[in-house]
Amino acid sequence: MAIVSMQKLSICANKKNRKAILETLQNLGTVEIFTDGIEDEDLQITDTQSARSKYERRADSFDRVLKLLDAYAPEEKKGLSLFAGREEVGRSDVDRVRQNRRRYNQDAARILQDEKDISECSGIILKDRTQIEALVPWQKLGIPMDTSGTRQTAILIGTLPEVITEEALYAAAIRDLPDPPAVSAEILSTANDETCICVFCLKDDQAKVSENLRQIGFARPSQMLSEIPAEATIRLERDIEEEEKRIEELKADIASFAGKREDYRIAADYYRTRAEKYKLLGTIPQSQSYFFLEGWVPADKADRVAQLLTEKYGACVEKEALKDGEIEPTILKNNRFSQAAEGVLASYGLPQHGHVDPTFIMSIFYVIFFGMMLSDAGYGLVMFIACAVALKKFPDMAAGTKKMIQLFFWCGLSTTFWGFMYGGFFGDAIDVIARTFFGYTGDGIVKALWFEPLKDPMRLLVYCMLFGVIHLFVGLGIKGYELLKAGDIVGFVSDILAWYAFLMGLILMLVPSDLFASIAGMTFNFPSWVGPFSKGLALCGMIVIILMSGRGRRNWALRIALGAYDIYGVTSWLSDVLSYSRLLALGLATGVIGNVINMMASMFGGGVVGAILFIIIFVLGHTLNIGINALGAYVHTNRLQYVEFFGKFYEAGGRPFTPFQNANKYVEVKEER
Amino acid sequence: MSLGMVFAILGAALSTALAGMGSAWGVGMAGQAAAGVVSEDPDQFAKVLLLQLLPGTQGIYGLLVTFITLSRIGILGGNMITDTNTGLMYLFACLPIAIVGLISAYHQGRTSVSCIGLVAKKPDQFGKAMLFPAMVETYAILALLVSILAITNIG
């Protein structure tokens, strides 16, 4: 439960070791480098933009190659690959890939060219298909479509925008022609209010006939092939076949590289890491023969880094003190249980140096509250076992995912505990099964170790609020601790102790009252001195708050007014405490819905059919319930921490530690030395 | 069957119907927004799915209250109601989760839509994005609590 203390290093070294030093730091991955603090007009910055973008392009092309390989030669995936982390490879593999990188780049270029060809072929196929589509109405035409006629005759090929019979067409075509008309009209096809026609006439009549046809809407086809339509169709179909074959060949060519997938992954990461290095290199100030760096390093590793750089590269490394306005990056360090909850804290915001890291305390409440909300032993066991299996099977999963799974592992345990306390095991599954299938008629078999919430919700509500008060008081206590650490005794007494006294007094006044007894159904008999004591306590607290909370003001009237306003803040305490009623509501929700599912499942009675239906409904129903209620428990546990608990003391604003490291996406390089 | 039973069942029906309507409304809206995000960035699927599901809880709270009611008025257990007043009491006890469920689920859905937009732009802000819809749900939880406490203490 702490924030790791950081040390600032400033490094100065010979320029010829520049790349070697950066590579060493990158492989160490424990130093956050920054260079904007160093300013001197004699120092210059090299432009590495072109080198950097070259490597980024290379990394990108390998990424694309890997995607193509996945598409054309899919890898056999292990189950739950969602959790699988980056693959581990040895340093020697990376060296091998580096030596062969020229060849691999050629491979990548070829694969990408193949992909380009594939999309070109697909384009051609698409075009051919459209053409075939357009030729369909012309299949009966036995001559090329652009034939205009013979020596004596004219041929008019085109479409009419209506469905028309051959007789009507003929009649329309011969209008105003000398008798007998030398015209032949043929309908090739009709479809969708369009008629494809072919009309023969003498060359001398051509002007007249085409005028006649124009009047009924004749139009030349938009696309005039100099081929016979039926033959053109065959040619196009053959073309499509060829292109398809070509695509298959290209795909097979790409797939033939699948065996080197592993190496391409390494190559992609190699180039990405190099691009990262050049990105940093482009910001490093340097003189003619020296360059300068500053960096944050965890204090316990500072000496090792300094020693390494000094001995190996003759660099000059100095530990520097923190300057004003500089914010150290935050790394959290917690025990094995609490580090699981670091992700929860980080998604709210990391703590700043000099403040308390609340992860440890939060993780305890987190797990307890989650358990109370999900509160079913069966669901807890499912969660606990699933997380344990995932952790065991994928030990190298990404750090963030791993913490999340660990957190749910503990939450599963806590859910199991609360489930037994409330007497819920997949709702009331055991009782229902015993009654439905084994003819059991007695009392409930599963007994709650504590009590069943549905039978006495008020009692549980009171306990939920009690947990809430404890949670909030702990939050206030942390703020008090910070004030004490900062030496602000006055603040501690007036902002923390006074509130404790005031609130404790109010609670002690409320608990023995009739009002509380009638709500909660519990009566407390305190000794007689408690009454006056609680009143005194509340009064003392109130007076201190009124007098002291506006202590920054000189004007006493304003000061008192501010203090009185602060007393009004007790309403926010009330709403905060009431907010913990969700512990009860969500706990009830899980149990009751579980019971509903069991009831539905058992509606088909005993026997084999009943048992099969029972199992189906039971599994589906409880899977749904576990999902939706685990989501609810997760969201609302977060809320209780973020809004109620953190609201009492926590200020985020820490900057996450982003060390200069290998930018690996696929592989994790394991040092073999 | 007494008039009281009619009122009690009306209450039970309303709590599932209204709260369920609200949830369907909210989840539906959020689902449209989520589908839009996934079409651009399929990696965000799990996150936006969680955000979409958030307004779905009101429907479950409604079901919960219906079930508790039915199991106390002789439909799924308990004793039949014989007087009208008791039936009316059940009806009114059901109203908080019915009404608040409907309205809070709608508004939670709208908040979810906005938060799905937030996650689309800044996927690392998921923790905060989840909190905004959860704030709306507080009132559904309070309504649920009042309904449950009222129903379990009738009769």
# chains A, B, ... in the order shown; residues from 1 in each chain; ligands from 1

$ interface_residues --of "chain A" --to "chain B" --cutoff "10 Å" --atoms "only C-alpha atoms" --output "PyMOL selection string"
chain A and resi 343-349+454-458+461+578-586+588-593+595-596+599+625+628-629+631-632+635-636+638-639+642-643

$ write_last_selection --atoms "C-alpha atoms" --output "short mmCIF file (atom, residue, chain, number, x, y, z; two decimals), in the first residue's frame"
data_model
loop_
_atom_site.label_atom_id
_atom_site.label_comp_id
_atom_site.auth_asym_id
_atom_site.auth_seq_id
_atom_site.Cartn_x
_atom_site.Cartn_y
_atom_site.Cartn_z
CA GLY A 343 -6.89 -1.32 -11.97
CA VAL A 344 -10.02 -0.10 -10.19
CA LEU A 345 -8.07 2.72 -8.62
CA ALA A 346 -6.27 3.56 -11.86
CA SER A 347 -9.50 3.90 -13.79
CA TYR A 348 -10.59 6.56 -11.30
CA GLY A 349 -7.20 8.22 -11.30
CA LEU A 454 -35.89 -11.73 2.17
CA LYS A 455 -37.34 -12.82 5.51
CA ASP A 456 -36.02 -9.77 7.33
CA PRO A 457 -34.96 -7.09 4.89
CA MET A 458 -35.06 -4.29 7.48
CA LEU A 461 -30.77 -2.77 5.66
CA LEU A 578 -28.55 5.56 2.27
CA SER A 579 -26.64 4.78 -0.89
CA TYR A 580 -25.38 1.60 0.78
CA SER A 581 -28.93 0.27 0.65
CA ARG A 582 -27.89 -1.01 -2.78
CA LEU A 583 -26.00 -3.73 -0.94
CA LEU A 584 -29.37 -5.04 0.19
CA ALA A 585 -31.27 -4.39 -3.03
CA LEU A 586 -28.77 -6.09 -5.31
CA LEU A 588 -32.06 -9.55 -2.85
CA ALA A 589 -32.22 -9.26 -6.63
CA THR A 590 -29.76 -12.10 -7.18
CA GLY A 591 -31.47 -14.41 -4.74
CA VAL A 592 -35.04 -13.79 -5.87
CA ILE A 593 -34.28 -14.06 -9.59
CA ASN A 595 -35.51 -18.60 -7.09
CA VAL A 596 -37.69 -17.61 -10.05
CA MET A 599 -39.28 -22.38 -10.00
CA ASN A 625 -28.52 -14.25 -13.85
CA ILE A 628 -26.35 -9.59 -15.26
CA ASN A 629 -25.89 -9.59 -11.50
CA LEU A 631 -22.23 -6.77 -13.92
CA GLY A 632 -24.52 -4.99 -11.47
CA VAL A 635 -20.69 -1.40 -11.41
CA HIS A 636 -22.21 -0.60 -8.03
CA ASN A 638 -17.16 0.70 -8.16
CA ARG A 639 -19.69 3.39 -7.51
CA TYR A 642 -15.61 6.15 -6.34
CA VAL A 643 -18.46 8.32 -5.16
#

$ select_by_dssp --residues "region 11-146 of chain B" --states "alpha helix (DSSP H)" --output "PyMOL selection string"
chain B and resi 11-40+45-53+57-70+84-121+126-146

$ write_last_selection --atoms "C-alpha atoms" --output "mmCIF file, in the first residue's frame"
data_model
loop_
_atom_site.group_PDB
_atom_site.id
_atom_site.type_symbol
_atom_site.label_atom_id
_atom_site.label_comp_id
_atom_site.auth_asym_id
_atom_site.auth_seq_id
_atom_site.Cartn_x
_atom_site.Cartn_y
_atom_site.Cartn_z
ATOM 1 C CA GLY B 11 -49.719 -3.922 -9.069
ATOM 2 C CA ALA B 12 -47.640 -7.011 -9.767
ATOM 3 C CA ALA B 13 -48.276 -6.701 -13.490
ATOM 4 C CA LEU B 14 -47.485 -2.990 -13.553
ATOM 5 C CA SER B 15 -44.140 -3.387 -11.885
ATOM 6 C CA THR B 16 -42.865 -5.849 -14.483
ATOM 7 C CA ALA B 17 -44.612 -4.111 -17.366
ATOM 8 C CA LEU B 18 -43.579 -0.513 -16.728
ATOM 9 C CA ALA B 19 -40.077 -1.212 -15.461
ATOM 10 C CA GLY B 20 -39.576 -3.677 -18.296
ATOM 11 C CA MET B 21 -40.749 -1.099 -20.821
ATOM 12 C CA GLY B 22 -38.274 1.402 -19.495
ATOM 13 C CA SER B 23 -35.447 -1.112 -19.679
ATOM 14 C CA ALA B 24 -36.350 -2.162 -23.192
ATOM 15 C CA TRP B 25 -36.381 1.479 -24.173
ATOM 16 C CA GLY B 26 -33.043 2.250 -22.541
ATOM 17 C CA VAL B 27 -31.248 -0.900 -23.651
ATOM 18 C CA GLY B 28 -32.602 -0.402 -27.154
ATOM 19 C CA MET B 29 -31.288 3.125 -27.419
ATOM 20 C CA ALA B 30 -27.934 2.190 -26.001
ATOM 21 C CA GLY B 31 -27.762 -0.806 -28.328
ATOM 22 C CA GLN B 32 -28.099 1.391 -31.382
ATOM 23 C CA ALA B 33 -25.264 3.591 -30.219
ATOM 24 C CA ALA B 34 -23.173 0.524 -29.336
ATOM 25 C CA ALA B 35 -23.669 -0.991 -32.774
ATOM 26 C CA GLY B 36 -22.470 2.251 -34.314
ATOM 27 C CA VAL B 37 -19.282 2.172 -32.262
ATOM 28 C CA VAL B 38 -18.582 -1.490 -33.016
ATOM 29 C CA SER B 39 -18.969 -0.830 -36.740
ATOM 30 C CA GLU B 40 -16.009 1.538 -36.473
ATOM 31 C CA PHE B 45 -17.408 -4.620 -28.222
ATOM 32 C CA ALA B 46 -17.101 -5.828 -24.638
ATOM 33 C CA LYS B 47 -17.008 -2.333 -23.188
ATOM 34 C CA VAL B 48 -19.977 -0.965 -25.084
ATOM 35 C CA LEU B 49 -21.937 -4.138 -24.405
ATOM 36 C CA LEU B 50 -21.527 -3.585 -20.663
ATOM 37 C CA LEU B 51 -22.680 -0.004 -21.065
ATOM 38 C CA GLN B 52 -25.640 -1.143 -23.108
ATOM 39 C CA LEU B 53 -26.699 -3.592 -20.401
ATOM 40 C CA THR B 57 -31.527 -3.783 -14.470
ATOM 41 C CA GLN B 58 -34.782 -1.896 -13.913
ATOM 42 C CA GLY B 59 -36.667 -4.615 -15.758
ATOM 43 C CA ILE B 60 -35.161 -7.122 -13.386
ATOM 44 C CA TYR B 61 -36.106 -5.054 -10.354
ATOM 45 C CA GLY B 62 -39.662 -4.943 -11.678
ATOM 46 C CA LEU B 63 -39.679 -8.714 -12.103
ATOM 47 C CA LEU B 64 -38.317 -9.057 -8.594
ATOM 48 C CA VAL B 65 -41.138 -7.030 -7.069
ATOM 49 C CA THR B 66 -43.724 -8.904 -9.140
ATOM 50 C CA PHE B 67 -42.362 -12.188 -7.905
ATOM 51 C CA ILE B 68 -42.341 -11.142 -4.273
ATOM 52 C CA THR B 69 -45.895 -9.868 -4.625
ATOM 53 C CA LEU B 70 -47.145 -13.022 -6.349
ATOM 54 C CA THR B 84 -59.981 -4.712 -1.047
ATOM 55 C CA ASN B 85 -57.780 -2.513 1.131
ATOM 56 C CA THR B 86 -54.957 -5.033 1.324
ATOM 57 C CA GLY B 87 -55.071 -5.398 -2.437
ATOM 58 C CA LEU B 88 -54.841 -1.644 -2.866
ATOM 59 C CA MET B 89 -51.896 -1.618 -0.502
ATOM 60 C CA TYR B 90 -50.058 -4.095 -2.709
ATOM 61 C CA LEU B 91 -50.907 -2.020 -5.761
ATOM 62 C CA PHE B 92 -49.459 1.138 -4.255
ATOM 63 C CA ALA B 93 -46.468 -0.693 -2.864
ATOM 64 C CA CYS B 94 -45.665 -1.792 -6.412
ATOM 65 C CA LEU B 95 -45.901 1.690 -7.885
ATOM 66 C CA PRO B 96 -42.472 3.078 -6.886
ATOM 67 C CA ILE B 97 -40.482 0.515 -8.867
ATOM 68 C CA ALA B 98 -43.028 0.566 -11.701
ATOM 69 C CA ILE B 99 -42.894 4.324 -12.243
ATOM 70 C CA VAL B 100 -39.306 5.047 -11.240
ATOM 71 C CA GLY B 101 -38.186 1.956 -13.139
ATOM 72 C CA LEU B 102 -39.781 3.229 -16.330
ATOM 73 C CA ILE B 103 -38.400 6.735 -16.148
ATOM 74 C CA SER B 104 -34.980 5.959 -14.699
ATOM 75 C CA ALA B 105 -34.329 3.235 -17.273
ATOM 76 C CA TYR B 106 -35.135 5.675 -20.053
ATOM 77 C CA HIS B 107 -32.773 8.262 -18.695
ATOM 78 C CA GLN B 108 -30.139 5.718 -17.857
ATOM 79 C CA GLY B 109 -30.367 4.596 -21.470
ATOM 80 C CA ARG B 110 -29.726 8.138 -22.661
ATOM 81 C CA THR B 111 -26.779 8.456 -20.323
ATOM 82 C CA SER B 112 -25.457 5.138 -21.587
ATOM 83 C CA VAL B 113 -25.690 6.403 -25.151
ATOM 84 C CA SER B 114 -23.532 9.381 -24.259
ATOM 85 C CA CYS B 115 -21.077 7.221 -22.353
ATOM 86 C CA ILE B 116 -20.802 4.839 -25.305
ATOM 87 C CA GLY B 117 -19.784 7.887 -27.303
ATOM 88 C CA LEU B 118 -17.253 8.688 -24.602
ATOM 89 C CA VAL B 119 -15.763 5.192 -24.739
ATOM 90 C CA ALA B 120 -15.596 5.394 -28.528
ATOM 91 C CA LYS B 121 -13.453 8.491 -28.286
ATOM 92 C CA PHE B 126 -14.238 3.224 -19.377
ATOM 93 C CA GLY B 127 -14.249 3.261 -15.578
ATOM 94 C CA LYS B 128 -15.655 6.761 -15.498
ATOM 95 C CA ALA B 129 -18.035 6.137 -18.385
ATOM 96 C CA MET B 130 -19.599 3.301 -16.418
ATOM 97 C CA LEU B 131 -20.196 5.508 -13.428
ATOM 98 C CA PHE B 132 -22.520 8.043 -15.041
ATOM 99 C CA PRO B 133 -25.290 5.555 -15.908
ATOM 100 C CA ALA B 134 -24.812 3.949 -12.488
ATOM 101 C CA MET B 135 -25.647 7.274 -10.852
ATOM 102 C CA VAL B 136 -29.054 7.247 -12.510
ATOM 103 C CA GLU B 137 -29.684 3.717 -11.326
ATOM 104 C CA THR B 138 -29.423 4.795 -7.691
ATOM 105 C CA TYR B 139 -33.002 6.040 -7.803
ATOM 106 C CA ALA B 140 -34.284 2.804 -9.268
ATOM 107 C CA ILE B 141 -32.544 1.000 -6.399
ATOM 108 C CA LEU B 142 -34.155 3.297 -3.841
ATOM 109 C CA ALA B 143 -37.560 2.714 -5.437
ATOM 110 C CA LEU B 144 -36.969 -1.035 -5.451
ATOM 111 C CA LEU B 145 -36.067 -0.920 -1.804
ATOM 112 C CA VAL B 146 -39.196 1.010 -0.865
#

$ residues_around --residues "Ile567 (chain A)" --least-positions-apart "4" --cutoff "10 Å" --atoms "only C-alpha atoms" --output "list in words"
Trp499, Phe502, Gly541, Met542, Ile543, Ile545, Ile546, Ser549, Ala561, Leu562, Gly563 and Thr571 of chain A

$ write_last_selection --atoms "C-alpha atoms" --output "PDB file, in the first residue's frame"
ATOM      1  CA  TRP A 499     -17.158  15.457  12.341  1.00  0.00           C
ATOM      2  CA  PHE A 502     -20.894  15.168  15.609  1.00  0.00           C
ATOM      3  CA  GLY A 541     -18.766  18.492  17.298  1.00  0.00           C
ATOM      4  CA  MET A 542     -21.309  20.923  15.952  1.00  0.00           C
ATOM      5  CA  ILE A 543     -19.840  23.891  17.800  1.00  0.00           C
ATOM      6  CA  ILE A 545     -17.528  22.723  13.033  1.00  0.00           C
ATOM      7  CA  ILE A 546     -19.459  25.992  13.119  1.00  0.00           C
ATOM      8  CA  SER A 549     -14.669  25.234   9.268  1.00  0.00           C
ATOM      9  CA  ALA A 561     -22.178  31.462   8.312  1.00  0.00           C
ATOM     10  CA  LEU A 562     -19.757  29.172   6.488  1.00  0.00           C
ATOM     11  CA  GLY A 563     -19.629  26.897   9.502  1.00  0.00           C
ATOM     12  CA  THR A 571     -27.421  15.764   4.608  1.00  0.00           C
TER      13      THR A 571
END

$ residues_around --residues "Leu472 (chain A)" --least-positions-apart "4" --cutoff "12 Å" --atoms "only C-alpha atoms" --output "CSV table (one decimal) with C-alpha atoms, in the first residue's frame"
chain,number,residue,atom,x,y,z
A,361,ILE,CA,-8.1,-0.4,2.2
A,362,MET,CA,-10.3,-0.1,-0.9
A,365,PHE,CA,-14.1,-3.2,1.1
A,465,MET,CA,-25.9,1.1,6.6
A,466,LEU,CA,-23.6,0.1,9.4
A,467,PHE,CA,-21.1,-1.1,6.8
A,468,GLY,CA,-21.6,2.1,5.0
A,476,LEU,CA,-12.7,10.3,6.7
A,477,GLY,CA,-9.9,8.7,8.8
A,478,ILE,CA,-7.6,8.5,5.8
A,479,LYS,CA,-8.1,12.2,5.3
A,496,ILE,CA,-12.0,15.3,11.2
A,499,TRP,CA,-17.2,15.5,12.3
A,500,TYR,CA,-16.5,12.1,14.0
A,503,LEU,CA,-21.9,12.1,13.6
A,572,SER,CA,-24.8,14.6,2.2
A,573,TRP,CA,-23.7,12.1,4.9
A,574,LEU,CA,-27.3,10.9,5.1
A,575,SER,CA,-27.5,10.4,1.4
A,576,ASP,CA,-24.1,8.7,1.3
A,577,VAL,CA,-25.2,6.2,4.0
A,578,LEU,CA,-28.5,5.6,2.3
A,579,SER,CA,-26.6,4.8,-0.9
A,580,TYR,CA,-25.4,1.6,0.8
A,640,LEU,CA,-19.6,2.9,-3.8
A,641,GLN,CA,-15.8,3.3,-3.9
A,642,TYR,CA,-15.6,6.2,-6.3
A,643,VAL,CA,-18.5,8.3,-5.2
A,644,GLU,CA,-19.0,7.6,-1.5
A,645,PHE,CA,-15.6,6.4,-0.3
A,646,PHE,CA,-13.3,8.5,-2.5
A,647,GLY,CA,-15.6,11.5,-2.1
A,648,LYS,CA,-14.5,11.7,1.6
A,649,PHE,CA,-10.8,12.0,1.0
A,650,TYR,CA,-9.3,11.1,-2.3

$ residues_around --residues "region 182-190 of chain A" --least-positions-apart "6" --cutoff "12 Å" --atoms "only C-alpha atoms" --output "PyMOL selection string"
chain A and resi 135-142+152-175+196-206+208-210+213+229

$ write_last_selection --atoms "N, CA and C atoms" --output "CSV table (one decimal), in the first residue's frame"
chain,number,residue,atom,x,y,z
A,135,LEU,N,-26.0,-8.1,-70.5
A,135,LEU,CA,-26.2,-8.8,-71.7
A,135,LEU,C,-27.4,-9.7,-71.7
A,136,VAL,N,-27.9,-10.0,-70.5
A,136,VAL,CA,-29.0,-11.0,-70.4
A,136,VAL,C,-30.2,-10.8,-71.4
A,137,PRO,N,-30.7,-9.5,-71.5
A,137,PRO,CA,-31.8,-9.4,-72.4
A,137,PRO,C,-31.5,-9.5,-73.9
A,138,TRP,N,-30.2,-9.5,-74.3
A,138,TRP,CA,-29.8,-9.5,-75.7
A,138,TRP,C,-29.4,-10.9,-76.2
A,139,GLN,N,-29.6,-11.9,-75.3
A,139,GLN,CA,-29.1,-13.3,-75.7
A,139,GLN,C,-29.6,-13.8,-77.0
A,140,LYS,N,-30.9,-13.4,-77.4
A,140,LYS,CA,-31.4,-13.9,-78.7
A,140,LYS,C,-30.9,-13.2,-79.9
A,141,LEU,N,-30.1,-12.2,-79.7
A,141,LEU,CA,-29.6,-11.5,-80.9
A,141,LEU,C,-28.4,-12.2,-81.4
A,142,GLY,N,-28.5,-12.6,-82.7
A,142,GLY,CA,-27.5,-13.5,-83.3
A,142,GLY,C,-26.3,-12.7,-84.0
A,152,GLN,N,-27.8,-3.1,-98.2
A,152,GLN,CA,-29.1,-2.6,-98.6
A,152,GLN,C,-30.0,-2.3,-97.3
A,153,THR,N,-29.7,-3.0,-96.3
A,153,THR,CA,-30.6,-2.8,-95.1
A,153,THR,C,-30.0,-2.1,-94.0
A,154,ALA,N,-30.9,-1.5,-93.2
A,154,ALA,CA,-30.4,-0.9,-91.9
A,154,ALA,C,-30.9,-1.7,-90.8
A,155,ILE,N,-30.2,-1.9,-89.7
A,155,ILE,CA,-30.6,-2.6,-88.5
A,155,ILE,C,-30.7,-1.7,-87.4
A,156,LEU,N,-31.8,-1.6,-86.7
A,156,LEU,CA,-32.0,-0.7,-85.5
A,156,LEU,C,-32.1,-1.6,-84.3
A,157,ILE,N,-31.1,-1.6,-83.4
A,157,ILE,CA,-31.1,-2.4,-82.2
A,157,ILE,C,-31.3,-1.4,-81.0
A,158,GLY,N,-32.2,-1.7,-80.1
A,158,GLY,CA,-32.3,-0.8,-79.0
A,158,GLY,C,-33.4,-1.2,-78.1
A,159,THR,N,-33.8,-0.3,-77.2
A,159,THR,CA,-34.9,-0.6,-76.2
A,159,THR,C,-36.0,0.3,-76.3
A,160,LEU,N,-37.2,-0.2,-75.9
A,160,LEU,CA,-38.4,0.7,-75.7
A,160,LEU,C,-38.7,0.7,-74.2
A,161,PRO,N,-39.2,1.8,-73.7
A,161,PRO,CA,-39.5,1.9,-72.3
A,161,PRO,C,-40.9,1.3,-71.9
A,162,GLU,N,-41.4,0.4,-72.6
A,162,GLU,CA,-42.7,-0.2,-72.3
A,162,GLU,C,-42.7,-1.6,-72.8
A,163,VAL,N,-43.7,-2.4,-72.3
A,163,VAL,CA,-43.9,-3.7,-72.8
A,163,VAL,C,-44.8,-3.7,-74.0
A,164,ILE,N,-44.4,-4.3,-75.1
A,164,ILE,CA,-45.1,-4.1,-76.4
A,164,ILE,C,-45.2,-5.4,-77.1
A,165,THR,N,-46.2,-5.7,-77.8
A,165,THR,CA,-46.3,-6.9,-78.6
A,165,THR,C,-45.6,-6.7,-80.0
A,166,GLU,N,-45.2,-7.8,-80.6
A,166,GLU,CA,-44.5,-7.7,-81.9
A,166,GLU,C,-45.4,-7.0,-82.9
A,167,GLU,N,-46.8,-7.3,-82.9
A,167,GLU,CA,-47.7,-6.7,-83.9
A,167,GLU,C,-47.7,-5.2,-83.7
A,168,ALA,N,-47.8,-4.8,-82.5
A,168,ALA,CA,-47.9,-3.3,-82.2
A,168,ALA,C,-46.6,-2.6,-82.6
A,169,LEU,N,-45.5,-3.3,-82.4
A,169,LEU,CA,-44.2,-2.8,-82.7
A,169,LEU,C,-44.1,-2.6,-84.2
A,170,TYR,N,-44.6,-3.7,-84.9
A,170,TYR,CA,-44.5,-3.6,-86.4
A,170,TYR,C,-45.4,-2.5,-86.9
A,171,ALA,N,-46.6,-2.3,-86.3
A,171,ALA,CA,-47.5,-1.3,-86.8
A,171,ALA,C,-46.9,0.1,-86.5
A,172,ALA,N,-46.3,0.2,-85.4
A,172,ALA,CA,-45.7,1.5,-85.1
A,172,ALA,C,-44.5,1.8,-86.1
A,173,ALA,N,-43.8,0.8,-86.4
A,173,ALA,CA,-42.6,1.0,-87.2
A,173,ALA,C,-42.9,1.4,-88.7
A,174,ILE,N,-44.0,0.8,-89.2
A,174,ILE,CA,-44.3,1.0,-90.6
A,174,ILE,C,-45.2,2.2,-90.9
A,175,ARG,N,-45.5,3.0,-89.9
A,175,ARG,CA,-46.4,4.2,-90.1
A,175,ARG,C,-45.8,5.1,-91.2
A,196,CYS,N,-36.5,-5.1,-75.5
A,196,CYS,CA,-35.4,-5.0,-76.3
A,196,CYS,C,-35.8,-5.5,-77.7
A,197,ILE,N,-35.6,-4.6,-78.7
A,197,ILE,CA,-36.1,-4.9,-80.0
A,197,ILE,C,-35.0,-4.9,-81.1
A,198,CYS,N,-35.2,-5.5,-82.2
A,198,CYS,CA,-34.3,-5.4,-83.3
A,198,CYS,C,-35.2,-5.2,-84.6
A,199,VAL,N,-35.0,-4.2,-85.3
A,199,VAL,CA,-35.8,-3.8,-86.5
A,199,VAL,C,-35.0,-3.7,-87.7
A,200,PHE,N,-35.4,-4.5,-88.8
A,200,PHE,CA,-34.7,-4.4,-90.1
A,200,PHE,C,-35.5,-3.5,-91.0
A,201,CYS,N,-34.9,-2.7,-91.8
A,201,CYS,CA,-35.6,-2.0,-92.9
A,201,CYS,C,-34.7,-1.7,-94.0
A,202,LEU,N,-35.2,-1.2,-95.1
A,202,LEU,CA,-34.3,-0.8,-96.2
A,202,LEU,C,-33.6,0.5,-95.8
A,203,LYS,N,-32.4,0.6,-96.4
A,203,LYS,CA,-31.6,1.8,-96.0
A,203,LYS,C,-32.3,3.1,-96.3
A,204,ASP,N,-33.1,3.0,-97.4
A,204,ASP,CA,-33.9,4.2,-97.9
A,204,ASP,C,-34.9,4.7,-96.8
A,205,ASP,N,-35.5,3.7,-96.1
A,205,ASP,CA,-36.5,4.0,-95.2
A,205,ASP,C,-36.0,4.3,-93.8
A,206,GLN,N,-34.7,4.2,-93.7
A,206,GLN,CA,-34.1,4.2,-92.3
A,206,GLN,C,-34.5,5.5,-91.5
A,208,LYS,N,-37.1,7.4,-91.8
A,208,LYS,CA,-38.5,7.4,-91.5
A,208,LYS,C,-38.8,6.4,-90.3
A,209,VAL,N,-38.2,5.2,-90.5
A,209,VAL,CA,-38.5,4.1,-89.5
A,209,VAL,C,-37.9,4.6,-88.1
A,210,SER,N,-36.7,5.1,-88.1
A,210,SER,CA,-36.1,5.5,-86.8
A,210,SER,C,-36.9,6.6,-86.2
A,213,LEU,N,-39.9,4.9,-84.6
A,213,LEU,CA,-39.5,4.3,-83.4
A,213,LEU,C,-39.2,5.3,-82.3
A,229,PRO,N,-23.9,-11.1,-78.5
A,229,PRO,CA,-24.1,-11.2,-77.0
A,229,PRO,C,-23.8,-12.6,-76.4

$ closest_residue --among "B:Gly4, B:Pro123, B:Ser147, B:Ile154" --to "Asp41 (chain B)" --atoms "only C-alpha atoms"
B:Pro123

$ decode --residues "region 345-363 of chain A" --atoms "C-alpha atoms" --output "PDB file, in the first residue's frame"
ATOM      1  CA  LEU A 345      -8.067   2.721  -8.621  1.00  0.00           C
ATOM      2  CA  ALA A 346      -6.271   3.561 -11.857  1.00  0.00           C
ATOM      3  CA  SER A 347      -9.500   3.901 -13.789  1.00  0.00           C
ATOM      4  CA  TYR A 348     -10.594   6.564 -11.295  1.00  0.00           C
ATOM      5  CA  GLY A 349      -7.196   8.218 -11.298  1.00  0.00           C
ATOM      6  CA  LEU A 350      -3.838   7.484  -9.713  1.00  0.00           C
ATOM      7  CA  PRO A 351      -2.799   9.108  -6.453  1.00  0.00           C
ATOM      8  CA  GLN A 352      -0.144  11.791  -6.389  1.00  0.00           C
ATOM      9  CA  HIS A 353       3.116  11.479  -4.570  1.00  0.00           C
ATOM     10  CA  GLY A 354       2.873  12.561  -0.968  1.00  0.00           C
ATOM     11  CA  HIS A 355      -0.680  11.235  -0.688  1.00  0.00           C
ATOM     12  CA  VAL A 356      -2.005   7.933   0.557  1.00  0.00           C
ATOM     13  CA  ASP A 357      -2.441   5.041  -1.831  1.00  0.00           C
ATOM     14  CA  PRO A 358      -5.885   3.763  -0.798  1.00  0.00           C
ATOM     15  CA  THR A 359      -5.646   0.506  -2.766  1.00  0.00           C
ATOM     16  CA  PHE A 360      -5.214  -1.773   0.231  1.00  0.00           C
ATOM     17  CA  ILE A 361      -8.149  -0.446   2.221  1.00  0.00           C
ATOM     18  CA  MET A 362     -10.299  -0.115  -0.873  1.00  0.00           C
ATOM     19  CA  SER A 363      -9.575  -3.684  -1.987  1.00  0.00           C
TER      20      SER A 363
END
